[in-house]
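Everything below concerns the one structure shown next.
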Amino acid sequence: MVTHAVNGARMNFDAKLRHRIGEVHKARSRLGREVSYSRNVFLPITNLCRNSCAYCGFRRDPNDGAWFMSPEQVISLVERGRAAGCSEALLTLGERPEVHIEAGEKLEEFGYENTVDYLVDLCRQILELRLLPHTNAGVLDELELRRLSRYNASMGLMLECAVELPAHALSPGKDPMLRLETIEAAGKLRIPFTTGLLIGIGESFEDRIRSLLALQRLHERYGHIQEIIIQPFAPKPNTPMASCPPPGAEELLATVATARSMIPEMNIQVPPNLLSTGKACLTSDIHVLPKTLGNVLPQTSMSYLRHQGSDSGGAGRAGFGFEEGIEAALRAGANDFGGISTLTPDFINPEHPWPSAAELRAAIERAGFVPRERLPIYPRYAKDPRFMSKEVQELVLELSDEDGYHACRA
């Protein structure tokens, strides 16, 4: 399988997809026609981070657009998410923000000794408000994962790539071994886990195969990886990789097909807001700071979002529009489109707005599949009490239907 995949990297897209179409169709027949997504409220806890990835537009330095959301801001936004019908509270933040003195000062102001203490308490409160937390906090040790798992339905950490890359030269937390250790620790603790690849940041197709193999081995050992995301790099202004082109649509689909053929039973996700190859939406302030949210959302310094003329696109400059991208991703083997929000932007890729749930569902149906709204914990794990705490299980049972999807959602 590895030899076939590596050789496939040298074929053109049509040949690669033909090479794998049998495996993809077999896997799809086992998965069925259902395609999932979730509705979340995105909580960008802080953009302070110890890493300085060459492609990241989220990270900020102290006194240069950095923020740290207060408990009041977080809970206010969670309450709005619950009112909007979300089931997931997505907590995303920079890794080990305490390396910055300012982060420690903020945490002390909030009444906490460290970031993990703060996250544990936030997740406890969010669960009490009847939303299911999903936390992405970067590299964590086993004790930290254990503490957070009590109040999280699932957790996540992108592997990105299993080999060292120049794009991560200033990012100690992007050491592949550290990230794989975190994913393995989550497996030992039976935490339903989201991970994936970031493609187009300098890795080869062979590197992607190595990354998928590393994840495959961990999943075979622990059975805890609930989805693998295949995410295309999207260039950001004012970053070292601003002028680097995103991966083409063919590369993205070939990687999806490879992941599907290598790990047939896995949920393979493609972010729907990064599929369209048209220009990013740079003129609507609502994708940056929805005015209806007042002072709840952090004040970003991404002024470039309000200027036209950017060349940054989605998964390649020549390929397909949104509905075409959805169908192509499904045909290549994707069966999930992740979390979308009608309330908050994608703070990691804010120039790429989410589709609405109605738009996404319509595109899935037109492609001949059945959309199903899920919780942040996938149906298989939602029905297995070994993969959640008693506190989480209570709410999962309340929110899920007999199939493990979000109750009352088609």
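Residue names in the structure tokens use chain letters A, B, ... in the order shown, residue numbers from 1 in each chain, and ligand numbers from 1 in the order shown.
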Can you check which residues of stretch 36-281 of chain A DSSP gives as strand (DSSP E) on the backbone and send them as a ChimeraX atom specification?
/A:36-46,88-93,132-136,154-156,193-199,225-232,268-269
Give me the residues within 9 Å of A:Leu132 as a PyMOL selection string, counting only C-alpha atoms and dropping any in the same chain fewer than 5 places off.
chain A and resi 87-90+123+126-127+151-154+375-377+392+395-396
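Counting only C-alpha atoms and comparing A:Cys161, A:Phe58, A:Asp64, A:Glu327, the residue that lies closest to A:Glu206 is A:Cys161.
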Suppose you want the space between atom CA of A:Asn267 and atom CA of A:Glu160; what is it in Å?
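According to the coordinates, atom CA of A:Asn267 and atom CA of A:Glu160 are separated by 16.7 Å.
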Identify, with DSSP run on backbone atoms, the residues in stretch 195-250 of chain A assigned to alpha helix (DSSP H), and express the list as a list of chain:residue names.
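In stretch 195-250 of chain A, DSSP puts these residues in alpha helix (DSSP H): A:Phe205, A:Glu206, A:Asp207, A:Arg208, A:Ile209, A:Arg210, A:Ser211, A:Leu212, A:Leu213, A:Ala214, A:Leu215, A:Gln216, A:Arg217, A:Leu218, A:His219, A:Glu220, A:Arg221, A:Tyr222, A:Ala249, A:Glu250.
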Test item: residues at most 8 Å from stretch 353-358 of chain A, only C-alpha atoms, excluding those fewer than 2 positions along its chain, as a PyMOL selection string:
chain A and resi 39+272-273+281+287+340-342+345-346+349-351+360-362
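Within the 12 Å cut-off around A:Tyr112, using only C-alpha atoms and omitting residues fewer than 4 positions from it on the same chain, the listed residues are Ser70, Pro71, Glu98, Ala103, Gly104, Glu105, Lys106, Leu107, Glu108, Val116, Asp117, Tyr118, Leu119, Val120, Asp121 and Leu122 of chain A.
When only C-alpha atoms are used to measure the gap to A:Ile326, the shortest distance among A:Phe369, A:Phe205, A:Phe347, A:Tyr222 belongs to A:Phe369.
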Closest of A:Arg386, A:Ser52, A:Tyr378, A:Asp141 to A:Asp401, counting only C-alpha atoms, is A:Tyr378
Nearest candidate to A:Glu250 (options A:Ala329, A:Pro235, A:Ile268, A:Leu213; using only C-alpha atoms):
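The shortest atom-to-atom distance to A:Glu250 comes from A:Ala329.
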How far is it from atom CA of A:Asp336 to atom CA of A:Gln269, in Å with one decimal?
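Atom-to-atom, atom CA of A:Asp336 and atom CA of A:Gln269 are spaced 4.6 Å apart.
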For A:Pro176, which of A:Met158, A:Ala328, A:Phe322, A:Ile209 is the closest residue, counting only C-alpha atoms?
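The closest residue to A:Pro176 is A:Met158.
You will find atom CA of A:Gln231 at 12.5 Å from atom CA of A:Thr194.
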Pick out the closest residue to A:Ala54 from this set: A:Ser389, A:Ser211, A:Asn238, A:Ser38. Count only C-alpha atoms.
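Selected residue with least distance to A:Ala54: A:Asn238.
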